[in-house]
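This report refers to the structure that appears directly beneath it.
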Amino acid sequence: MRHSFPRPLRLLTAAVALLGMAAAGCSGGYGAAPATTAPVPVAAAEAPPARGPFVAAANPLAVEAGMRVLRDGGSAVDAAVAVQAVLGLVEPQSSGLGGGAFMMVFDAAAGEVTSYDGRETAPAAATPELFYENGRPLDFPSAVLSGRSTGAPGAVAMLALAQKEHGVLPWSALFSDAERLARDGFVVSPRLAGMIAGRAGQARTRWADAYFTKPDGARYVAGDVLRNPEYARTVADLAAQGPEVFYRGRIAQEIAATVAQEPRPGALTAVDIAAYQPIERGALCRPYRIYVICVPPPPSSGVAVLQLLAMAERTPDIELGADSAAAWTAFAQLQRLMYADRDRYVGDPGFVGVPVQGLLDPTYVASRAALAPGLTGAAQPGTPPGGVLMGPDATHEPSGTTHFVIVDAKGNAVSMTTTVESVFGSGRMAAGFFLNNQLTDFSFAPTRADGGPAANAVAAGKRPRSSMSPIIVLDRQGRLVGAFGSPGGPSILAYNTKALIGVLDWNLPVQQAFALPNLVARGDGFGADTDRFPEAVREGMAANGVTLRPNASENSGLHGGIWRQRPDGQWAWDGGADDRREGVARTQ
């Protein structure tokens, strides 16, 4: 049974023919990379096409659900539906049916990369002062816990659209693992238990208390079996009735009713939910050394990943490797420049002009990279071609996100970052799942002092800017080489780029690249996994003006892999799952 869902306009589709043009030096709208010394390639002309099965995700139960679908002959997108359905149950602090997502898809037969935008949208009644009260912005925790923070969920609609176009199995066959685990129960993991025991407001709402408290009055701990019969009913209805039941049926009504409750009721209605549309946006691709990196276009911040890589390609110190203080110093300074531009210019392209081509213009990129060696303090945004200087941004991006990668037997691939925004989203539950607080990803301050607009200001029907930037890696012939991504709020951009540089520039095994210290340089500080940096590197960085402090943002959860030749001559997936979380990467 294939369920019908409205099919939005296809935008910016990136075909292999265009990638080939870019590789040959003809931009075709994508721009050419400068000549540079390349690292040892992870793929070669004689490599066989990359094939699965391969699944990397943040919970073993979700990985097994994806592998089951692949064993049954399903596609990578089929498996993505199953993985998300299970993650929403066993990792509800990070993603779920009540949230949103960005998905990158590589279609092996068509030789095409595209992206699907499942970002939440603001309700029709939203205004730029959505989070104002008595003429002043709400404090962030109060905004998160309010009904105002929830946008129309997009993950289910996005998955339905992608599965309609790339699925093989019936939609109804993709929810059995999630239904069984919700009905019979699953073992609470240590990370989930830590979130349940945490003092975050979202873990202490009346909805969370009802869900996470056992009959004896104690809260669930690691090793306990947690059941969620409401979630079992929801995924059973989704399987039988398709996404219509979510957007136009019982589930939509329950979401709207929950949002309308105190404190600070929100304006999201069942009409807003029914009006939600996922968008197939194609892909934004650029050559990087001997590869091609593809990300989603705005409102994703994938363009910032490409800009940072383009600057890195013009910075010789980056090539000095993971043991070099100079390489890490350069990486930090380039991040400062990237974040300054991202924070100023990126928003929903349906509402603001995002100078994507200008941010990636070779001359502009070179001018920005040249600033890095002498940079002190916070970087200022530049003026890329086509850029209109917007107001200063006041956007909070907390933790509550996950990433997974899937490759099927035919070589189709999915790289998907998915979120409910904060830990347990808004802390409100409907139909067995947590609702997002995604609208707090908008800038709370819609204008600057002189009245200039912020690119990420709230507006009715608008999608908030996102740091989510799932990645597909191709070779210059347009063949699949790898897929990556991470959660981490605004730090996603630093985490993803660290992983790419570790694998593609420093030729590290994927797991080793993921385990590298995290370094986040946004504004005037340098947040890092200080205990993972060797003392000599820390001292060398400090001598260059980069003094590390503990990373205060959401930690990484990198998942993904590269198609590589093993020492025995066989080609296989070199996969990894960030040791900072609970995921695994499996090939069988």
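Identifiers in this document derive from the order of the structure tokens: chains are assigned A, B, ..., residues are numbered from 1 separately in each chain, and ligands are numbered from 1 in order of occurrence.
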(message) Using only C-alpha atoms, which protein or nucleic acid residues come within 10 Å of Ala79 of chain A? Drop anything in the same chain fewer than 5 positions from it, and give the result as a PyMOL selection string.
(response) chain A and resi 55+62-74+84-85+163+167+169+174-175+405-408+414
Which residues of segment 310-346 of chain A come within 6 Å of segment 500-522 of chain A, and what is each one's closest atom pair and distance in Å (one decimal), counting only C-alpha atoms, sorted by chain and residue number, as CSV?
```
residue,atom,partner,partner_atom,distance
A:Gly321,CA,A:Trp506,CA,5.7
A:Ala332,CA,A:Ala521,CA,5.3
A:Gln335,CA,A:Ala521,CA,5.6
A:Arg336,CA,A:Arg522,CA,5.1
A:Tyr339,CA,A:Arg522,CA,6.0
```
Let's have the selection written as a PDB file, in the first residue's frame, with N, CA, C and O atoms.
```pdb
ATOM      1  N   GLY A 321      47.509  18.146  10.071  1.00  0.00           N
ATOM      2  CA  GLY A 321      47.045  16.938  10.740  1.00  0.00           C
ATOM      3  C   GLY A 321      46.544  17.126  12.152  1.00  0.00           C
ATOM      4  O   GLY A 321      46.639  18.204  12.747  1.00  0.00           O
ATOM      5  N   ALA A 332      39.791  26.685  14.249  1.00  0.00           N
ATOM      6  CA  ALA A 332      39.015  27.541  15.146  1.00  0.00           C
ATOM      7  C   ALA A 332      38.754  28.905  14.526  1.00  0.00           C
ATOM      8  O   ALA A 332      37.622  29.418  14.555  1.00  0.00           O
ATOM      9  N   GLN A 335      36.212  28.815  11.785  1.00  0.00           N
ATOM     10  CA  GLN A 335      34.863  28.671  12.336  1.00  0.00           C
ATOM     11  C   GLN A 335      34.277  30.018  12.730  1.00  0.00           C
ATOM     12  O   GLN A 335      33.097  30.301  12.478  1.00  0.00           O
ATOM     13  N   ARG A 336      35.079  30.851  13.383  1.00  0.00           N
ATOM     14  CA  ARG A 336      34.578  32.162  13.807  1.00  0.00           C
ATOM     15  C   ARG A 336      34.021  32.951  12.622  1.00  0.00           C
ATOM     16  O   ARG A 336      32.966  33.586  12.711  1.00  0.00           O
ATOM     17  N   TYR A 339      30.686  31.193  11.344  1.00  0.00           N
ATOM     18  CA  TYR A 339      29.529  31.426  12.195  1.00  0.00           C
ATOM     19  C   TYR A 339      29.033  32.868  12.084  1.00  0.00           C
ATOM     20  O   TYR A 339      27.816  33.127  12.132  1.00  0.00           O
TER      21      TYR A 339
END
```
(request) If you run DSSP over the backbone, which residues in segment 56-222 of chain A end up alpha helix (DSSP H)? Put them as a VMD selection string. (result) chain A and resid 60 to 71 76 to 90 140 to 145 155 to 166 176 to 184 190 to 197 206 to 212
(message) My list of candidates is A:Ala430, A:Leu161, A:Ala182, A:Ala494. Which is closest to Ser467 of chain A when distances are computed with only C-alpha atoms?
(response)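 Looking at the shortest contact to Ser467 of chain A, the residue is A:Ala494.
Minimum atom-to-atom distances from A:Ala122, A:Ala536, A:Ala252, A:Ile318 to Ala274 of chain A were compared using only C-alpha atoms, and the lowest value belongs to A:Ala252.
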(message) DSSP on the backbone: which residues in segment 99-211 of chain A end up as strand (DSSP E)? Give the answer as a VMD selection string.
(response) chain A and resid 100 to 107 112 to 118 132 to 133 136 to 137 186 to 187
(message) Applying 10 Å and only C-alpha atoms, which residues near Gly99 of chain A remain after dropping the ones on its own chain fewer than 3 positions away? List them as a list of chain:residue names.
(response)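 Those residues are A:Gly88, A:Ser94, A:Ser95, A:Gly96, A:Gly118, A:Arg119, A:Glu120, A:Thr150, A:Gly151, A:Ala152, A:Pro153, A:Gly154, A:Ala155, A:Val156, A:Thr401, A:Thr418, A:Thr419, A:Val420, A:Glu421, A:Gly425, A:Phe433, A:Phe434, A:Leu435, A:Asn436, A:Asn437, A:Gln438.
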(message) When you look at Arg586 of chain A with a cut-off of 7 Å (counting only C-alpha atoms), what residues show up, excluding the ones that are within fewer than 2 positions of it in the same chain? I need them as a PyMOL selection string.
(response) chain A and resi 54-56+584+588
Tell me which protein, DNA and RNA residues are within 12 Å of Lys214 of chain A, counting only C-alpha atoms, leaving out same-chain ones fewer than 5 positions away, and put them as a PDB file with N, CA and C atoms, in the first residue's frame.
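What landed in around10.pdb:
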```pdb
ATOM      1  N   ALA A 208       5.616  14.807  31.225  1.00  0.00           N
ATOM      2  CA  ALA A 208       6.809  13.991  31.435  1.00  0.00           C
ATOM      3  C   ALA A 208       6.719  13.224  32.756  1.00  0.00           C
ATOM      4  N   ASP A 209       6.196  13.868  33.788  1.00  0.00           N
ATOM      5  CA  ASP A 209       6.053  13.177  35.062  1.00  0.00           C
ATOM      6  C   ASP A 209       5.146  11.959  34.934  1.00  0.00           C
ATOM      7  N   ARG A 219      10.918   7.352  39.608  1.00  0.00           N
ATOM      8  CA  ARG A 219      11.116   7.586  38.185  1.00  0.00           C
ATOM      9  C   ARG A 219      11.908   6.427  37.585  1.00  0.00           C
ATOM     10  N   TYR A 220      11.697   6.201  36.306  1.00  0.00           N
ATOM     11  CA  TYR A 220      12.395   5.119  35.617  1.00  0.00           C
ATOM     12  C   TYR A 220      13.900   5.368  35.625  1.00  0.00           C
ATOM     13  N   VAL A 221      14.656   4.281  35.751  1.00  0.00           N
ATOM     14  CA  VAL A 221      16.112   4.332  35.741  1.00  0.00           C
ATOM     15  C   VAL A 221      16.621   3.351  34.695  1.00  0.00           C
ATOM     16  N   ASP A 224      15.304  -0.402  33.575  1.00  0.00           N
ATOM     17  CA  ASP A 224      13.857  -0.599  33.703  1.00  0.00           C
ATOM     18  C   ASP A 224      13.236  -0.808  32.323  1.00  0.00           C
ATOM     19  N   VAL A 225      12.102  -1.464  32.291  1.00  0.00           N
ATOM     20  CA  VAL A 225      11.344  -1.645  31.051  1.00  0.00           C
ATOM     21  C   VAL A 225      10.223  -0.605  31.015  1.00  0.00           C
ATOM     22  N   LEU A 226      10.217   0.203  29.982  1.00  0.00           N
ATOM     23  CA  LEU A 226       9.244   1.281  29.828  1.00  0.00           C
ATOM     24  C   LEU A 226       8.297   0.939  28.683  1.00  0.00           C
ATOM     25  N   ARG A 227       7.009   1.030  28.947  1.00  0.00           N
ATOM     26  CA  ARG A 227       5.996   0.760  27.919  1.00  0.00           C
ATOM     27  C   ARG A 227       5.271   2.057  27.571  1.00  0.00           C
TER      28      ARG A 227
END
```
For Asn412 of chain A: contacts at 9 Å, only C-alpha atoms, fewer than 2 positions along chain excluded, given as a PDB file with all heavy atoms, in the first residue's frame:
```
ATOM      1  N   ALA A  50      29.505   1.607  -4.128  1.00  0.00           N
ATOM      2  CA  ALA A  50      29.222   1.420  -2.707  1.00  0.00           C
ATOM      3  C   ALA A  50      27.864   0.755  -2.530  1.00  0.00           C
ATOM      4  O   ALA A  50      26.877   1.164  -3.143  1.00  0.00           O
ATOM      5  CB  ALA A  50      29.251   2.763  -1.992  1.00  0.00           C
ATOM      6  N   ARG A  51      27.816  -0.261  -1.700  1.00  0.00           N
ATOM      7  CA  ARG A  51      26.584  -1.004  -1.461  1.00  0.00           C
ATOM      8  C   ARG A  51      26.411  -1.249   0.037  1.00  0.00           C
ATOM      9  O   ARG A  51      27.373  -1.347   0.784  1.00  0.00           O
ATOM     10  CB  ARG A  51      26.625  -2.369  -2.174  1.00  0.00           C
ATOM     11  CG  ARG A  51      26.663  -2.283  -3.701  1.00  0.00           C
ATOM     12  CD  ARG A  51      25.280  -1.966  -4.266  1.00  0.00           C
ATOM     13  NE  ARG A  51      25.253  -2.064  -5.726  1.00  0.00           N
ATOM     14  CZ  ARG A  51      25.394  -1.025  -6.555  1.00  0.00           C
ATOM     15  NH1 ARG A  51      25.597   0.178  -6.052  1.00  0.00           N
ATOM     16  NH2 ARG A  51      25.337  -1.194  -7.854  1.00  0.00           N
ATOM     17  N   GLY A  52      25.164  -1.405   0.454  1.00  0.00           N
ATOM     18  CA  GLY A  52      24.861  -1.768   1.822  1.00  0.00           C
ATOM     19  C   GLY A  52      24.727  -3.268   1.968  1.00  0.00           C
ATOM     20  O   GLY A  52      25.136  -4.018   1.077  1.00  0.00           O
ATOM     21  N   SER A  75      14.307  -0.279   0.824  1.00  0.00           N
ATOM     22  CA  SER A  75      15.272   0.732   0.403  1.00  0.00           C
ATOM     23  C   SER A  75      15.806   1.482   1.615  1.00  0.00           C
ATOM     24  O   SER A  75      15.302   1.342   2.741  1.00  0.00           O
ATOM     25  CB  SER A  75      14.607   1.727  -0.537  1.00  0.00           C
ATOM     26  OG  SER A  75      13.667   2.534   0.164  1.00  0.00           O
ATOM     27  N   ALA A  76      16.811   2.322   1.379  1.00  0.00           N
ATOM     28  CA  ALA A  76      17.358   3.135   2.461  1.00  0.00           C
ATOM     29  C   ALA A  76      16.286   4.043   3.058  1.00  0.00           C
ATOM     30  O   ALA A  76      16.233   4.245   4.275  1.00  0.00           O
ATOM     31  CB  ALA A  76      18.537   3.955   1.947  1.00  0.00           C
ATOM     32  N   VAL A  77      15.408   4.592   2.213  1.00  0.00           N
ATOM     33  CA  VAL A  77      14.355   5.462   2.724  1.00  0.00           C
ATOM     34  C   VAL A  77      13.323   4.652   3.498  1.00  0.00           C
ATOM     35  O   VAL A  77      12.817   5.103   4.535  1.00  0.00           O
ATOM     36  CB  VAL A  77      13.711   6.267   1.585  1.00  0.00           C
ATOM     37  CG1 VAL A  77      12.492   7.024   2.076  1.00  0.00           C
ATOM     38  CG2 VAL A  77      14.717   7.250   0.985  1.00  0.00           C
ATOM     39  N   VAL A 105      19.191  12.303   0.284  1.00  0.00           N
ATOM     40  CA  VAL A 105      19.005  11.000  -0.351  1.00  0.00           C
ATOM     41  C   VAL A 105      19.886  10.912  -1.596  1.00  0.00           C
ATOM     42  O   VAL A 105      19.870  11.817  -2.439  1.00  0.00           O
ATOM     43  CB  VAL A 105      17.534  10.772  -0.749  1.00  0.00           C
ATOM     44  CG1 VAL A 105      17.380   9.445  -1.500  1.00  0.00           C
ATOM     45  CG2 VAL A 105      16.638  10.782   0.484  1.00  0.00           C
ATOM     46  N   PHE A 106      20.648   9.820  -1.688  1.00  0.00           N
ATOM     47  CA  PHE A 106      21.389   9.511  -2.916  1.00  0.00           C
ATOM     48  C   PHE A 106      20.658   8.381  -3.613  1.00  0.00           C
ATOM     49  O   PHE A 106      20.483   7.296  -3.049  1.00  0.00           O
ATOM     50  CB  PHE A 106      22.825   9.094  -2.607  1.00  0.00           C
ATOM     51  CG  PHE A 106      23.588   8.632  -3.834  1.00  0.00           C
ATOM     52  CD1 PHE A 106      24.029   9.538  -4.780  1.00  0.00           C
ATOM     53  CD2 PHE A 106      23.848   7.284  -4.036  1.00  0.00           C
ATOM     54  CE1 PHE A 106      24.712   9.122  -5.908  1.00  0.00           C
ATOM     55  CE2 PHE A 106      24.537   6.852  -5.163  1.00  0.00           C
ATOM     56  CZ  PHE A 106      24.968   7.778  -6.104  1.00  0.00           C
ATOM     57  N   ASP A 107      20.202   8.636  -4.836  1.00  0.00           N
ATOM     58  CA  ASP A 107      19.514   7.649  -5.659  1.00  0.00           C
ATOM     59  C   ASP A 107      20.534   7.043  -6.606  1.00  0.00           C
ATOM     60  O   ASP A 107      20.970   7.694  -7.561  1.00  0.00           O
ATOM     61  CB  ASP A 107      18.373   8.312  -6.424  1.00  0.00           C
ATOM     62  CG  ASP A 107      17.516   7.334  -7.203  1.00  0.00           C
ATOM     63  OD1 ASP A 107      18.084   6.408  -7.811  1.00  0.00           O
ATOM     64  OD2 ASP A 107      16.287   7.505  -7.226  1.00  0.00           O
ATOM     65  N   ALA A 108      20.937   5.806  -6.339  1.00  0.00           N
ATOM     66  CA  ALA A 108      22.017   5.195  -7.105  1.00  0.00           C
ATOM     67  C   ALA A 108      21.644   4.998  -8.572  1.00  0.00           C
ATOM     68  O   ALA A 108      22.464   5.198  -9.473  1.00  0.00           O
ATOM     69  CB  ALA A 108      22.418   3.861  -6.473  1.00  0.00           C
ATOM     70  N   ALA A 109      20.405   4.582  -8.852  1.00  0.00           N
ATOM     71  CA  ALA A 109      19.998   4.324 -10.233  1.00  0.00           C
ATOM     72  C   ALA A 109      19.940   5.614 -11.044  1.00  0.00           C
ATOM     73  O   ALA A 109      20.363   5.648 -12.204  1.00  0.00           O
ATOM     74  CB  ALA A 109      18.643   3.619 -10.252  1.00  0.00           C
ATOM     75  N   ILE A 406      22.017   5.479   6.454  1.00  0.00           N
ATOM     76  CA  ILE A 406      21.595   4.163   5.963  1.00  0.00           C
ATOM     77  C   ILE A 406      22.020   4.021   4.510  1.00  0.00           C
ATOM     78  O   ILE A 406      21.872   4.961   3.720  1.00  0.00           O
ATOM     79  CB  ILE A 406      20.065   3.990   6.054  1.00  0.00           C
ATOM     80  CG1 ILE A 406      19.579   4.230   7.488  1.00  0.00           C
ATOM     81  CG2 ILE A 406      19.635   2.615   5.559  1.00  0.00           C
ATOM     82  CD1 ILE A 406      18.061   4.333   7.610  1.00  0.00           C
ATOM     83  N   VAL A 407      22.529   2.844   4.146  1.00  0.00           N
ATOM     84  CA  VAL A 407      22.810   2.504   2.746  1.00  0.00           C
ATOM     85  C   VAL A 407      22.198   1.144   2.472  1.00  0.00           C
ATOM     86  O   VAL A 407      22.378   0.201   3.259  1.00  0.00           O
ATOM     87  CB  VAL A 407      24.325   2.469   2.447  1.00  0.00           C
ATOM     88  CG1 VAL A 407      24.569   2.198   0.962  1.00  0.00           C
ATOM     89  CG2 VAL A 407      24.997   3.780   2.865  1.00  0.00           C
ATOM     90  N   ASP A 408      21.453   1.022   1.373  1.00  0.00           N
ATOM     91  CA  ASP A 408      20.806  -0.258   1.071  1.00  0.00           C
ATOM     92  C   ASP A 408      21.612  -1.073   0.058  1.00  0.00           C
ATOM     93  O   ASP A 408      22.688  -0.656  -0.402  1.00  0.00           O
ATOM     94  CB  ASP A 408      19.362  -0.043   0.605  1.00  0.00           C
ATOM     95  CG  ASP A 408      19.239   0.697  -0.719  1.00  0.00           C
ATOM     96  OD1 ASP A 408      20.135   0.581  -1.583  1.00  0.00           O
ATOM     97  OD2 ASP A 408      18.215   1.402  -0.911  1.00  0.00           O
ATOM     98  N   ALA A 409      21.095  -2.252  -0.280  1.00  0.00           N
ATOM     99  CA  ALA A 409      21.826  -3.195  -1.134  1.00  0.00           C
ATOM    100  C   ALA A 409      22.043  -2.684  -2.543  1.00  0.00           C
ATOM    101  O   ALA A 409      22.933  -3.159  -3.254  1.00  0.00           O
ATOM    102  CB  ALA A 409      21.076  -4.528  -1.186  1.00  0.00           C
ATOM    103  N   LYS A 410      21.253  -1.711  -2.985  1.00  0.00           N
ATOM    104  CA  LYS A 410      21.408  -1.146  -4.327  1.00  0.00           C
ATOM    105  C   LYS A 410      22.282   0.102  -4.338  1.00  0.00           C
ATOM    106  O   LYS A 410      22.489   0.698  -5.391  1.00  0.00           O
ATOM    107  CB  LYS A 410      20.031  -0.830  -4.914  1.00  0.00           C
ATOM    108  CG  LYS A 410      19.186  -2.079  -5.171  1.00  0.00           C
ATOM    109  CD  LYS A 410      17.864  -1.724  -5.828  1.00  0.00           C
ATOM    110  CE  LYS A 410      17.058  -2.992  -6.136  1.00  0.00           C
ATOM    111  NZ  LYS A 410      15.747  -2.673  -6.768  1.00  0.00           N
ATOM    112  N   VAL A 414      20.804   7.320   2.670  1.00  0.00           N
ATOM    113  CA  VAL A 414      20.102   8.359   3.414  1.00  0.00           C
ATOM    114  C   VAL A 414      21.045   8.901   4.479  1.00  0.00           C
ATOM    115  O   VAL A 414      21.712   8.133   5.175  1.00  0.00           O
ATOM    116  CB  VAL A 414      18.833   7.805   4.087  1.00  0.00           C
ATOM    117  CG1 VAL A 414      18.337   8.736   5.193  1.00  0.00           C
ATOM    118  CG2 VAL A 414      17.734   7.578   3.068  1.00  0.00           C
ATOM    119  N   LEU A 480      28.693   7.446  -4.936  1.00  0.00           N
ATOM    120  CA  LEU A 480      28.616   7.539  -3.483  1.00  0.00           C
ATOM    121  C   LEU A 480      29.941   7.131  -2.843  1.00  0.00           C
ATOM    122  O   LEU A 480      30.489   6.067  -3.151  1.00  0.00           O
ATOM    123  CB  LEU A 480      27.490   6.637  -2.963  1.00  0.00           C
ATOM    124  CG  LEU A 480      27.312   6.590  -1.445  1.00  0.00           C
ATOM    125  CD1 LEU A 480      26.832   7.944  -0.919  1.00  0.00           C
ATOM    126  CD2 LEU A 480      26.331   5.483  -1.063  1.00  0.00           C
TER     127      LEU A 480
END
```
(request) May I ask which of the residues A:Gly561, A:Pro92, A:Tyr116, A:Pro534 is the closest one to Trp573 of chain A, counting only C-alpha atoms? (result)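 For Trp573 of chain A, the nearest of the given residues is A:Gly561.
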(message) Give me the residues near segment 415-417 of chain A as a PyMOL selection string, where near means some atom within 6 Å (using only C-alpha atoms) and where sequence neighbours in that chain fewer than 6 positions away do not count.
(response) chain A and resi 101-104+402-405+470+483
(message) Given only C-alpha atoms as the basis, pick out the residue of A:His166, A:Arg463, A:Arg368, A:Arg580 nearest to Ile279 of chain A.
(response) A:Arg463
(request) Considering only C-alpha atoms, state which residue in the set A:Ser146, A:Asn544, A:Ser491, A:Ser324 is at the smallest distance from Gly374 of chain A. (result)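 Ranked by minimum distance to Gly374 of chain A, first place goes to A:Asn544.
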(request) Between A:Val537, A:Ala173, A:Leu145, A:Val303, single out the one closest to Glu262 of chain A, counting only C-alpha atoms. (result) A:Leu145
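Pairwise distance (atom CA of Tyr132 of chain A, atom CA of Pro487 of chain A) equals 28.3 Å.
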(message) Please report the interatomic distance between atom CA of Ala372 of chain A and atom CA of Leu308 of chain A in Å with one decimal.
(response)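 Computed distance, atom CA of Ala372 of chain A to atom CA of Leu308 of chain A, equals 11.6 Å.
When atom CA of Ser149 of chain A is paired with atom CA of Thr127 of chain A, their separation reads 12.5 Å.
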